[in-house]
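Data file: entry.cif. Format and content: mmCIF, C-alpha atoms and all ligand atoms; chains and numbers go by the auth columns.
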```
data_query
#
loop_
_atom_site.group_PDB
_atom_site.id
_atom_site.type_symbol
_atom_site.label_atom_id
_atom_site.label_comp_id
_atom_site.label_asym_id
_atom_site.label_seq_id
_atom_site.Cartn_x
_atom_site.Cartn_y
_atom_site.Cartn_z
_atom_site.B_iso_or_equiv
_atom_site.auth_seq_id
_atom_site.auth_asym_id
ATOM 1 C CA MET A 1 53.558 13.185 -4.435 0.00 1 G
ATOM 2 C CA ALA A 2 51.074 13.937 -1.674 0.00 2 G
ATOM 3 C CA THR A 3 47.608 14.673 -2.988 0.00 3 G
ATOM 4 C CA GLY A 4 45.730 16.371 -0.205 0.00 4 G
ATOM 5 C CA ARG A 5 42.133 17.390 -0.700 0.00 5 G
ATOM 6 C CA PHE A 6 39.872 19.951 0.930 0.00 6 G
ATOM 7 C CA LEU A 7 36.161 19.115 0.858 0.00 7 G
ATOM 8 C CA VAL A 8 33.538 21.368 2.395 0.00 8 G
ATOM 9 C CA PHE A 9 30.008 20.571 3.528 0.00 9 G
ATOM 10 C CA GLU A 10 27.523 23.422 3.483 0.00 10 G
ATOM 11 C CA GLY A 11 23.836 23.655 4.350 0.00 11 G
ATOM 12 C CA LEU A 12 21.313 25.243 6.638 0.00 12 G
ATOM 13 C CA ASP A 13 21.309 24.525 10.365 0.00 13 G
ATOM 14 C CA GLY A 14 19.623 21.114 10.667 0.00 14 G
ATOM 15 C CA SER A 15 20.340 20.079 7.065 0.00 15 G
ATOM 16 C CA GLY A 16 22.240 16.975 8.136 0.00 16 G
ATOM 17 C CA LYS A 17 25.597 18.114 6.755 0.00 17 G
ATOM 18 C CA THR A 18 27.428 17.062 9.933 0.00 18 G
ATOM 19 C CA THR A 19 25.934 13.551 9.739 0.00 19 G
ATOM 20 C CA GLN A 20 26.818 13.291 6.061 0.00 20 G
ATOM 21 C CA MET A 21 30.346 14.461 6.683 0.00 21 G
ATOM 22 C CA ALA A 22 30.780 11.745 9.336 0.00 22 G
ATOM 23 C CA ARG A 23 29.376 9.132 6.943 0.00 23 G
ATOM 24 C CA LEU A 24 31.786 10.197 4.215 0.00 24 G
ATOM 25 C CA GLN A 25 34.694 10.068 6.634 0.00 25 G
ATOM 26 C CA LYS A 26 33.741 6.515 7.639 0.00 26 G
ATOM 27 C CA ARG A 27 33.383 5.442 4.027 0.00 27 G
ATOM 28 C CA LEU A 28 36.737 6.886 2.985 0.00 28 G
ATOM 29 C CA THR A 29 38.523 5.467 6.009 0.00 29 G
ATOM 30 C CA GLY A 30 36.974 2.060 5.276 0.00 30 G
ATOM 31 C CA MET A 31 38.477 2.278 1.793 0.00 31 G
ATOM 32 C CA GLY A 32 41.917 2.953 3.242 0.00 32 G
ATOM 33 C CA ILE A 33 41.740 6.689 2.564 0.00 33 G
ATOM 34 C CA PRO A 34 41.995 8.331 5.996 0.00 34 G
ATOM 35 C CA ALA A 35 40.115 11.609 6.184 0.00 35 G
ATOM 36 C CA GLU A 36 40.035 14.178 8.957 0.00 36 G
ATOM 37 C CA THR A 37 37.053 16.278 9.931 0.00 37 G
ATOM 38 C CA THR A 38 36.976 19.826 11.197 0.00 38 G
ATOM 39 C CA CYS A 39 34.418 22.617 11.463 0.00 39 G
ATOM 40 C CA GLU A 40 33.741 26.339 11.547 0.00 40 G
ATOM 41 C CA PRO A 41 33.216 28.148 13.808 0.00 41 G
ATOM 42 C CA THR A 42 36.296 26.436 15.277 0.00 42 G
ATOM 43 C CA ASP A 43 37.010 25.661 18.910 0.00 43 G
ATOM 44 C CA GLY A 44 39.930 28.119 18.808 0.00 44 G
ATOM 45 C CA PRO A 45 39.964 31.507 20.555 0.00 45 G
ATOM 46 C CA VAL A 46 37.977 33.399 17.911 0.00 46 G
ATOM 47 C CA GLY A 47 35.553 30.511 17.339 0.00 47 G
ATOM 48 C CA THR A 48 34.889 30.299 21.078 0.00 48 G
ATOM 49 C CA LEU A 49 33.991 33.982 21.148 0.00 49 G
ATOM 50 C CA ILE A 50 31.702 33.472 18.124 0.00 50 G
ATOM 51 C CA ARG A 51 29.815 30.644 19.855 0.00 51 G
ATOM 52 C CA GLN A 52 29.149 32.912 22.829 0.00 52 G
ATOM 53 C CA ILE A 53 27.667 35.483 20.447 0.00 53 G
ATOM 54 C CA LEU A 54 25.541 32.887 18.606 0.00 54 G
ATOM 55 C CA GLY A 55 24.237 31.565 21.913 0.00 55 G
ATOM 56 C CA GLY A 56 23.176 35.094 22.926 0.00 56 G
ATOM 57 C CA ARG A 57 25.592 35.435 25.856 0.00 57 G
ATOM 58 C CA ILE A 58 27.402 38.357 24.194 0.00 58 G
ATOM 59 C CA SER A 59 25.871 40.783 21.694 0.00 59 G
ATOM 60 C CA MET A 60 27.774 41.998 18.640 0.00 60 G
ATOM 61 C CA ASP A 61 26.892 44.014 15.553 0.00 61 G
ATOM 62 C CA PRO A 62 26.601 42.002 12.295 0.00 62 G
ATOM 63 C CA GLN A 63 29.683 43.526 10.621 0.00 63 G
ATOM 64 C CA THR A 64 31.929 42.678 13.546 0.00 64 G
ATOM 65 C CA LEU A 65 30.482 39.180 13.719 0.00 65 G
ATOM 66 C CA ALA A 66 31.156 38.635 9.993 0.00 66 G
ATOM 67 C CA ALA A 67 34.718 39.886 10.498 0.00 67 G
ATOM 68 C CA LEU A 68 35.168 37.499 13.429 0.00 68 G
ATOM 69 C CA PHE A 69 34.058 34.550 11.287 0.00 69 G
ATOM 70 C CA ALA A 70 36.586 35.572 8.612 0.00 70 G
ATOM 71 C CA ALA A 71 39.320 35.853 11.275 0.00 71 G
ATOM 72 C CA ASP A 72 38.385 32.478 12.769 0.00 72 G
ATOM 73 C CA ARG A 73 38.679 31.023 9.262 0.00 73 G
ATOM 74 C CA THR A 74 42.142 32.489 8.690 0.00 74 G
ATOM 75 C CA ASP A 75 43.259 31.115 12.043 0.00 75 G
ATOM 76 C CA HIS A 76 41.789 27.718 11.076 0.00 76 G
ATOM 77 C CA LEU A 77 43.770 27.778 7.815 0.00 77 G
ATOM 78 C CA VAL A 78 47.162 29.070 8.900 0.00 78 G
ATOM 79 C CA THR A 79 47.748 27.522 12.337 0.00 79 G
ATOM 80 C CA PRO A 80 51.204 25.943 11.966 0.00 80 G
ATOM 81 C CA ASP A 81 51.334 22.146 11.499 0.00 81 G
ATOM 82 C CA THR A 82 47.688 21.469 12.379 0.00 82 G
ATOM 83 C CA GLY A 83 45.970 24.184 10.319 0.00 83 G
ATOM 84 C CA VAL A 84 43.941 23.131 7.281 0.00 84 G
ATOM 85 C CA GLN A 85 46.468 24.546 4.831 0.00 85 G
ATOM 86 C CA ALA A 86 49.320 22.592 6.451 0.00 86 G
ATOM 87 C CA LEU A 87 47.298 19.360 6.564 0.00 87 G
ATOM 88 C CA VAL A 88 46.316 19.574 2.903 0.00 88 G
ATOM 89 C CA LYS A 89 49.911 20.361 1.929 0.00 89 G
ATOM 90 C CA GLN A 90 51.035 17.282 3.880 0.00 90 G
ATOM 91 C CA GLY A 91 48.642 15.199 1.753 0.00 91 G
ATOM 92 C CA HIS A 92 45.709 14.851 4.156 0.00 92 G
ATOM 93 C CA ILE A 93 42.083 14.655 3.112 0.00 93 G
ATOM 94 C CA VAL A 94 40.303 17.332 5.149 0.00 94 G
ATOM 95 C CA LEU A 95 36.517 17.445 5.426 0.00 95 G
ATOM 96 C CA CYS A 96 35.204 20.718 6.807 0.00 96 G
ATOM 97 C CA ASP A 97 31.746 21.463 8.206 0.00 97 G
ATOM 98 C CA ARG A 98 31.105 25.000 6.820 0.00 98 G
ATOM 99 C CA TYR A 99 33.562 27.388 5.162 0.00 99 G
ATOM 100 C CA TYR A 100 33.262 30.746 3.436 0.00 100 G
ATOM 101 C CA PHE A 101 30.008 29.983 1.631 0.00 101 G
ATOM 102 C CA SER A 102 28.423 29.979 5.116 0.00 102 G
ATOM 103 C CA SER A 103 29.622 33.547 5.503 0.00 103 G
ATOM 104 C CA TYR A 104 28.300 34.496 2.065 0.00 104 G
ATOM 105 C CA ALA A 105 24.906 33.037 2.960 0.00 105 G
ATOM 106 C CA TYR A 106 24.480 34.069 6.604 0.00 106 G
ATOM 107 C CA HIS A 107 26.100 37.510 6.528 0.00 107 G
ATOM 108 C CA ALA A 108 24.722 38.675 3.180 0.00 108 G
ATOM 109 C CA ARG A 109 21.487 39.127 5.112 0.00 109 G
ATOM 110 C CA ASP A 110 22.960 42.250 6.700 0.00 110 G
ATOM 111 C CA MET A 111 25.733 43.289 4.315 0.00 111 G
ATOM 112 C CA ASP A 112 26.257 43.182 0.557 0.00 112 G
ATOM 113 C CA LEU A 113 27.477 39.839 -0.725 0.00 113 G
ATOM 114 C CA SER A 114 30.434 41.709 -2.295 0.00 114 G
ATOM 115 C CA TRP A 115 31.397 43.025 1.127 0.00 115 G
ATOM 116 C CA VAL A 116 31.388 39.515 2.610 0.00 116 G
ATOM 117 C CA ILE A 117 33.365 38.090 -0.335 0.00 117 G
ATOM 118 C CA CYS A 118 35.885 40.895 0.064 0.00 118 G
ATOM 119 C CA MET A 119 36.149 40.231 3.801 0.00 119 G
ATOM 120 C CA ASN A 120 37.055 36.611 2.977 0.00 120 G
ATOM 121 C CA ALA A 121 39.403 37.359 0.067 0.00 121 G
ATOM 122 C CA VAL A 122 42.453 36.406 2.088 0.00 122 G
ATOM 123 C CA ASN A 123 40.898 33.028 2.927 0.00 123 G
ATOM 124 C CA ALA A 124 39.933 32.304 -0.689 0.00 124 G
ATOM 125 C CA LYS A 125 43.499 33.131 -1.645 0.00 125 G
ATOM 126 C CA ILE A 126 44.974 30.791 0.957 0.00 126 G
ATOM 127 C CA LEU A 127 42.775 27.787 0.189 0.00 127 G
ATOM 128 C CA LYS A 128 39.844 27.121 -2.139 0.00 128 G
ATOM 129 C CA PRO A 129 37.943 23.889 -1.546 0.00 129 G
ATOM 130 C CA ASP A 130 38.442 21.150 -4.151 0.00 130 G
ATOM 131 C CA LEU A 131 34.715 20.587 -3.759 0.00 131 G
ATOM 132 C CA THR A 132 31.859 22.241 -1.845 0.00 132 G
ATOM 133 C CA LEU A 133 28.801 20.054 -1.261 0.00 133 G
ATOM 134 C CA PHE A 134 25.573 21.845 -0.400 0.00 134 G
ATOM 135 C CA ILE A 135 23.043 19.601 1.337 0.00 135 G
ATOM 136 C CA ASP A 136 19.780 21.180 0.283 0.00 136 G
ATOM 137 C CA VAL A 137 16.919 20.749 2.766 0.00 137 G
ATOM 138 C CA ALA A 138 13.776 22.878 3.008 0.00 138 G
ATOM 139 C CA PRO A 139 14.035 25.450 5.852 0.00 139 G
ATOM 140 C CA LYS A 140 10.804 24.161 7.438 0.00 140 G
ATOM 141 C CA ILE A 141 12.211 20.634 7.709 0.00 141 G
ATOM 142 C CA CYS A 142 15.493 21.967 9.109 0.00 142 G
ATOM 143 C CA LEU A 143 13.663 23.823 11.869 0.00 143 G
ATOM 144 C CA GLU A 144 11.541 20.777 12.729 0.00 144 G
ATOM 145 C CA ARG A 145 14.720 18.734 13.084 0.00 145 G
ATOM 146 C CA ILE A 146 16.423 21.366 15.261 0.00 146 G
ATOM 147 C CA ARG A 147 13.344 21.660 17.520 0.00 147 G
ATOM 148 C CA ALA A 148 13.129 17.889 17.887 0.00 148 G
ATOM 149 C CA ALA A 149 16.801 17.741 18.865 0.00 149 G
ATOM 150 C CA ARG A 150 16.959 20.559 21.422 0.00 150 G
ATOM 151 C CA LYS A 151 15.009 23.289 23.216 0.00 151 G
ATOM 152 C CA HIS A 152 17.354 26.238 22.797 0.00 152 G
ATOM 153 C CA LEU A 153 17.535 27.797 19.341 0.00 153 G
ATOM 154 C CA ASP A 154 20.605 29.763 18.221 0.00 154 G
ATOM 155 C CA LEU A 155 20.582 33.241 16.732 0.00 155 G
ATOM 156 C CA PHE A 156 19.863 32.240 13.106 0.00 156 G
ATOM 157 C CA GLU A 157 17.448 29.391 13.717 0.00 157 G
ATOM 158 C CA LYS A 158 14.171 30.977 12.548 0.00 158 G
ATOM 159 C CA ILE A 159 12.152 30.141 9.428 0.00 159 G
ATOM 160 C CA ASP A 160 12.372 33.519 7.681 0.00 160 G
ATOM 161 C CA ILE A 161 16.093 33.724 8.385 0.00 161 G
ATOM 162 C CA LEU A 162 16.804 30.205 7.117 0.00 162 G
ATOM 163 C CA THR A 163 14.743 30.885 3.970 0.00 163 G
ATOM 164 C CA GLN A 164 16.773 33.995 3.282 0.00 164 G
ATOM 165 C CA VAL A 165 20.009 32.148 4.026 0.00 165 G
ATOM 166 C CA ARG A 166 19.099 29.426 1.517 0.00 166 G
ATOM 167 C CA ASP A 167 18.398 32.074 -1.147 0.00 167 G
ATOM 168 C CA ASN A 168 21.727 33.708 -0.327 0.00 168 G
ATOM 169 C CA TYR A 169 23.568 30.414 -0.751 0.00 169 G
ATOM 170 C CA PHE A 170 22.194 30.060 -4.279 0.00 170 G
ATOM 171 C CA ALA A 171 22.975 33.697 -5.105 0.00 171 G
ATOM 172 C CA ALA A 172 26.572 33.119 -3.983 0.00 172 G
ATOM 173 C CA PHE A 173 26.877 29.868 -5.980 0.00 173 G
ATOM 174 C CA GLU A 174 25.708 31.748 -9.054 0.00 174 G
ATOM 175 C CA ARG A 175 28.034 34.700 -8.453 0.00 175 G
ATOM 176 C CA LEU A 176 31.098 32.449 -7.984 0.00 176 G
ATOM 177 C CA ARG A 177 30.262 29.689 -10.446 0.00 177 G
ATOM 178 C CA ASP A 178 33.402 30.315 -12.522 0.00 178 G
ATOM 179 C CA GLN A 179 35.680 30.234 -9.492 0.00 179 G
ATOM 180 C CA GLU A 180 34.297 27.505 -7.252 0.00 180 G
ATOM 181 C CA THR A 181 33.300 23.858 -7.629 0.00 181 G
ATOM 182 C CA VAL A 182 29.934 23.449 -5.925 0.00 182 G
ATOM 183 C CA LYS A 183 27.533 20.496 -6.087 0.00 183 G
ATOM 184 C CA VAL A 184 24.019 20.734 -4.723 0.00 184 G
ATOM 185 C CA VAL A 185 22.744 17.509 -3.159 0.00 185 G
ATOM 186 C CA GLU A 186 19.021 16.970 -2.647 0.00 186 G
ATOM 187 C CA GLY A 187 18.819 16.559 1.127 0.00 187 G
ATOM 188 C CA ASN A 188 15.084 15.919 1.611 0.00 188 G
ATOM 189 C CA ALA A 189 15.695 12.165 1.493 0.00 189 G
ATOM 190 C CA SER A 190 16.866 9.354 3.766 0.00 190 G
ATOM 191 C CA GLU A 191 20.367 9.538 5.225 0.00 191 G
ATOM 192 C CA GLU A 192 21.387 6.593 3.023 0.00 192 G
ATOM 193 C CA GLU A 193 20.081 8.223 -0.145 0.00 193 G
ATOM 194 C CA VAL A 194 21.823 11.502 0.641 0.00 194 G
ATOM 195 C CA GLU A 195 25.029 9.578 1.391 0.00 195 G
ATOM 196 C CA GLN A 196 24.822 7.902 -2.033 0.00 196 G
ATOM 197 C CA ALA A 197 24.298 11.259 -3.736 0.00 197 G
ATOM 198 C CA VAL A 198 27.267 12.735 -1.873 0.00 198 G
ATOM 199 C CA TRP A 199 29.379 9.744 -2.849 0.00 199 G
ATOM 200 C CA ARG A 200 28.477 10.122 -6.532 0.00 200 G
ATOM 201 C CA HIS A 201 30.187 13.516 -6.491 0.00 201 G
ATOM 202 C CA VAL A 202 33.082 12.649 -4.206 0.00 202 G
ATOM 203 C CA SER A 203 34.000 9.270 -5.738 0.00 203 G
ATOM 204 C CA GLN A 204 35.155 10.924 -8.967 0.00 204 G
ATOM 205 C CA MET A 205 37.785 12.715 -6.944 0.00 205 G
ATOM 206 C CA PHE A 206 39.191 9.457 -5.588 0.00 206 G
ATOM 207 C CA ALA A 207 38.955 7.348 -8.712 0.00 207 G
ATOM 208 C CA GLY A 208 42.409 5.927 -9.481 0.00 208 G
ATOM 209 C CA ARG A 209 43.926 6.877 -6.121 0.00 209 G
HETATM 210 P P1 LIG B . 27.240 25.236 13.136 0.00 1 F
HETATM 211 O O1 LIG B . 28.074 24.993 14.357 0.00 1 F
HETATM 212 O O2 LIG B . 27.602 24.542 11.867 0.00 1 F
HETATM 213 O O3 LIG B . 25.759 24.922 13.504 0.00 1 F
HETATM 214 P P2 LIG B . 24.982 23.604 13.167 0.00 1 F
HETATM 215 O O4 LIG B . 25.866 22.459 13.531 0.00 1 F
HETATM 216 O O5 LIG B . 23.752 23.741 14.026 0.00 1 F
HETATM 217 O O6 LIG B . 24.687 23.672 11.699 0.00 1 F
HETATM 218 O O7 LIG B . 27.204 26.791 12.814 0.00 1 F
HETATM 219 C C1 LIG B . 26.784 27.685 13.786 0.00 1 F
HETATM 220 C C2 LIG B . 26.123 28.860 13.150 0.00 1 F
HETATM 221 O O8 LIG B . 27.095 29.749 12.610 0.00 1 F
HETATM 222 C C3 LIG B . 25.169 28.549 12.029 0.00 1 F
HETATM 223 O O9 LIG B . 23.912 29.138 12.344 0.00 1 F
HETATM 224 C C4 LIG B . 25.750 29.254 10.843 0.00 1 F
HETATM 225 C C5 LIG B . 26.605 30.322 11.425 0.00 1 F
HETATM 226 N N1 LIG B . 27.738 30.756 10.599 0.00 1 F
HETATM 227 C C6 LIG B . 27.793 32.045 10.126 0.00 1 F
HETATM 228 O O10 LIG B . 26.890 32.850 10.370 0.00 1 F
HETATM 229 N N2 LIG B . 28.877 32.456 9.393 0.00 1 F
HETATM 230 C C7 LIG B . 29.895 31.621 9.099 0.00 1 F
HETATM 231 O O11 LIG B . 30.861 32.034 8.426 0.00 1 F
HETATM 232 C C8 LIG B . 29.835 30.283 9.602 0.00 1 F
HETATM 233 C C9 LIG B . 30.959 29.332 9.334 0.00 1 F
HETATM 234 C C10 LIG B . 28.735 29.882 10.339 0.00 1 F
#
```
Could the structure of this file be written out as structure tokens, please?
Amino acid sequence: MATGRFLVFEGLDGSGKTTQMARLQKRLTGMGIPAETTCEPTDGPVGTLIRQILGGRISMDPQTLAALFAADRTDHLVTPDTGVQALVKQGHIVLCDRYYFSSYAYHARDMDLSWVICMNAVNAKILKPDLTLFIDVAPKICLERIRAARKHLDLFEKIDILTQVRDNYFAAFERLRDQETVKVVEGNASEEEVEQAVWRHVSQMFAGR
């Protein structure tokens, strides 16, 4: 029987989650367990609109933006054949850079967490991650990394915002601790050390495969 898995990487902008996801993919593939990567916002029609908003080219009120992220997520899940739900059902291992905990963290700055959870209820019903890994890096370090990498900062890339977002992540983990499997990985370490910590959590899932 196909045993697909859905693993999500979460973290602040600049936390290194994308790098860690790529490292995990390489490791799994090297072990003969092919894994696919994907991300949110997606490069689909709704995700493309979202990126224009984040980059400041279009302005949008926070509620509409949160609704767009939820819609982009549904689209990401239910697209026939290539959507995440279809891939997992076919037995694929799907690694995703951000999922609904990003919404709970980023949008609970403007709306109640309950509102954001409600907005994503359809997504949680369609597919819950087998595991969510939160790469925990101090907001100050995240911003230093983003600044070193590029000149232009996106909408949410400010210290007070990232601090609030980190707090919101932990509030959401606490609120949903009976419904979700979340592991927090200390991310203020070398890439290799973080990779090892990630692997300690993920390897259990693949033991005996
Ligand atoms: P992302 O492309 O992951 O940025 P980075 O690679 O720099 O981490 O995400 C873009 C931004 O979108 C990021 O600031 C977080 C935000 N975001 C939300 O506000 N809500 C969401 O539901 C998601 C998935 C992302």
_At a cut-off of 6 Å and counting all atoms listed in the file, what residues surround ligand LIG 1 (chain F)? Please answer as a list in words._
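Protein and nucleic-acid residues within 6 Å of ligand LIG 1 (chain F): Asp13, Gly14, Glu40, Pro41, Phe69, Arg98, Tyr99, Tyr100, Ser102, Ser103, Tyr106 and Phe156 of chain G.
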Applied to the shown file, which residues does the PyMOL selection byres (((chain G and resi 28) around 12) and not hetatm) return, written as a PDB file with C-alpha atoms, in the coordinates of the input?
```pdb
ATOM      1  CA  MET G  21      30.346  14.461   6.683  1.00  0.00           C
ATOM      2  CA  ALA G  22      30.780  11.745   9.336  1.00  0.00           C
ATOM      3  CA  ARG G  23      29.376   9.132   6.943  1.00  0.00           C
ATOM      4  CA  LEU G  24      31.786  10.197   4.215  1.00  0.00           C
ATOM      5  CA  GLN G  25      34.694  10.068   6.634  1.00  0.00           C
ATOM      6  CA  LYS G  26      33.741   6.515   7.639  1.00  0.00           C
ATOM      7  CA  ARG G  27      33.383   5.442   4.027  1.00  0.00           C
ATOM      8  CA  THR G  29      38.523   5.467   6.009  1.00  0.00           C
ATOM      9  CA  GLY G  30      36.974   2.060   5.276  1.00  0.00           C
ATOM     10  CA  MET G  31      38.477   2.278   1.793  1.00  0.00           C
ATOM     11  CA  GLY G  32      41.917   2.953   3.242  1.00  0.00           C
ATOM     12  CA  ILE G  33      41.740   6.689   2.564  1.00  0.00           C
ATOM     13  CA  PRO G  34      41.995   8.331   5.996  1.00  0.00           C
ATOM     14  CA  ALA G  35      40.115  11.609   6.184  1.00  0.00           C
ATOM     15  CA  GLU G  36      40.035  14.178   8.957  1.00  0.00           C
ATOM     16  CA  THR G  37      37.053  16.278   9.931  1.00  0.00           C
ATOM     17  CA  ILE G  93      42.083  14.655   3.112  1.00  0.00           C
ATOM     18  CA  VAL G  94      40.303  17.332   5.149  1.00  0.00           C
ATOM     19  CA  LEU G  95      36.517  17.445   5.426  1.00  0.00           C
ATOM     20  CA  TRP G 199      29.379   9.744  -2.849  1.00  0.00           C
ATOM     21  CA  VAL G 202      33.082  12.649  -4.206  1.00  0.00           C
ATOM     22  CA  SER G 203      34.000   9.270  -5.738  1.00  0.00           C
ATOM     23  CA  MET G 205      37.785  12.715  -6.944  1.00  0.00           C
ATOM     24  CA  PHE G 206      39.191   9.457  -5.588  1.00  0.00           C
ATOM     25  CA  ALA G 207      38.955   7.348  -8.712  1.00  0.00           C
ATOM     26  CA  ARG G 209      43.926   6.877  -6.121  1.00  0.00           C
TER      27      ARG G 209
END
```
Name the residues in contact with Leu49 (chain G) at a cut-off of 12 Å, using all atoms listed in the file, excluding same-chain residues fewer than 3 positions from it; report them as a JSON list (two decimals) with C-alpha atoms, in the coordinates of the input.
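Below is the file that was written, result-v3.json:
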```json
[["chain", "number", "residue", "atom", "x", "y", "z"],
["G", 41, "PRO", "CA", 33.22, 28.15, 13.81],
["G", 42, "THR", "CA", 36.30, 26.44, 15.28],
["G", 43, "ASP", "CA", 37.01, 25.66, 18.91],
["G", 44, "GLY", "CA", 39.93, 28.12, 18.81],
["G", 45, "PRO", "CA", 39.96, 31.51, 20.56],
["G", 46, "VAL", "CA", 37.98, 33.40, 17.91],
["G", 52, "GLN", "CA", 29.15, 32.91, 22.83],
["G", 53, "ILE", "CA", 27.67, 35.48, 20.45],
["G", 54, "LEU", "CA", 25.54, 32.89, 18.61],
["G", 55, "GLY", "CA", 24.24, 31.56, 21.91],
["G", 56, "GLY", "CA", 23.18, 35.09, 22.93],
["G", 57, "ARG", "CA", 25.59, 35.44, 25.86],
["G", 58, "ILE", "CA", 27.40, 38.36, 24.19],
["G", 59, "SER", "CA", 25.87, 40.78, 21.69],
["G", 60, "MET", "CA", 27.77, 42.00, 18.64],
["G", 64, "THR", "CA", 31.93, 42.68, 13.55],
["G", 65, "LEU", "CA", 30.48, 39.18, 13.72],
["G", 68, "LEU", "CA", 35.17, 37.50, 13.43],
["G", 69, "PHE", "CA", 34.06, 34.55, 11.29],
["G", 71, "ALA", "CA", 39.32, 35.85, 11.28],
["G", 72, "ASP", "CA", 38.38, 32.48, 12.77]]
```
*Which polymer residues have any atom within 12 Å of an atom of Val182 (chain G), counting all atoms listed in the file, with same-chain residues fewer than 6 positions away left out, as a list in words?*
Leu7, Val8, Phe9, Glu10, Gly11, Phe101, Lys128, Pro129, Asp130, Leu131, Thr132, Leu133, Phe134, Ile135, Tyr169, Phe170, Ala172, Phe173, Glu174, Arg175, Leu176, Val198, His201 and Val202 of chain G
Atoms kept (C-alpha atoms) for selection, written as a short mmCIF file (atom, residue, chain, number, x, y, z; two decimals), in the coordinates of the input:
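As written to disk, out-v7.cif reads:
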```
data_model
loop_
_atom_site.label_atom_id
_atom_site.label_comp_id
_atom_site.auth_asym_id
_atom_site.auth_seq_id
_atom_site.Cartn_x
_atom_site.Cartn_y
_atom_site.Cartn_z
CA LEU G 7 36.16 19.11 0.86
CA VAL G 8 33.54 21.37 2.40
CA PHE G 9 30.01 20.57 3.53
CA GLU G 10 27.52 23.42 3.48
CA GLY G 11 23.84 23.66 4.35
CA PHE G 101 30.01 29.98 1.63
CA LYS G 128 39.84 27.12 -2.14
CA PRO G 129 37.94 23.89 -1.55
CA ASP G 130 38.44 21.15 -4.15
CA LEU G 131 34.72 20.59 -3.76
CA THR G 132 31.86 22.24 -1.84
CA LEU G 133 28.80 20.05 -1.26
CA PHE G 134 25.57 21.84 -0.40
CA ILE G 135 23.04 19.60 1.34
CA TYR G 169 23.57 30.41 -0.75
CA PHE G 170 22.19 30.06 -4.28
CA ALA G 172 26.57 33.12 -3.98
CA PHE G 173 26.88 29.87 -5.98
CA GLU G 174 25.71 31.75 -9.05
CA ARG G 175 28.03 34.70 -8.45
CA LEU G 176 31.10 32.45 -7.98
CA VAL G 198 27.27 12.74 -1.87
CA HIS G 201 30.19 13.52 -6.49
CA VAL G 202 33.08 12.65 -4.21
#
```
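CA of Glu191 (chain G) is positioned 17.1 Å from CA of Leu143 (chain G).
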*Please write the residues picked by the PyMOL selection byres (((chain G and resi 3) around 9) and not hetatm) on this file as a VMD selection string.*
chain G and resid 1 to 2 4 to 5 88 to 93
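Atom to atom, CA of Gly16 (chain G) and CA of Ala67 (chain G) stand 26.2 Å apart.
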*Quote the spacing between CA of Glu195 (chain G) and CA of Pro139 (chain G) in Å to one decimal place.*
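Pair CA of Glu195 (chain G) / CA of Pro139 (chain G) returns 19.8 Å.
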Box centre and edge lengths (Å, one decimal), axis-aligned, region 120-131 of chain G plus 5 Å each side, as lines of an AutoDock Vina configuration file:
```
center_x = 39.8
center_y = 29.0
center_z = -0.6
size_x = 20.3
size_y = 26.8
size_z = 17.1
```
_Counting only C-alpha atoms, which residue out of G:Met111, G:Val185, G:Val137, G:Cys96 sits closest to Gly83 (chain G)?_
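For Gly83 (chain G), the nearest of the given residues is G:Cys96.
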_Among listed residues G:Pro62, G:Gln204, G:Asp136, G:Cys118, nearest Val184 (chain G) (using all atoms listed in the file)_ =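 The closest residue to Val184 (chain G) is G:Asp136.
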_Taking all atoms listed in the file into account, name the residue in G:Thr38, G:Asn168, G:Gln20, G:Ser190 that is nearest to Asp97 (chain G)._
G:Thr38
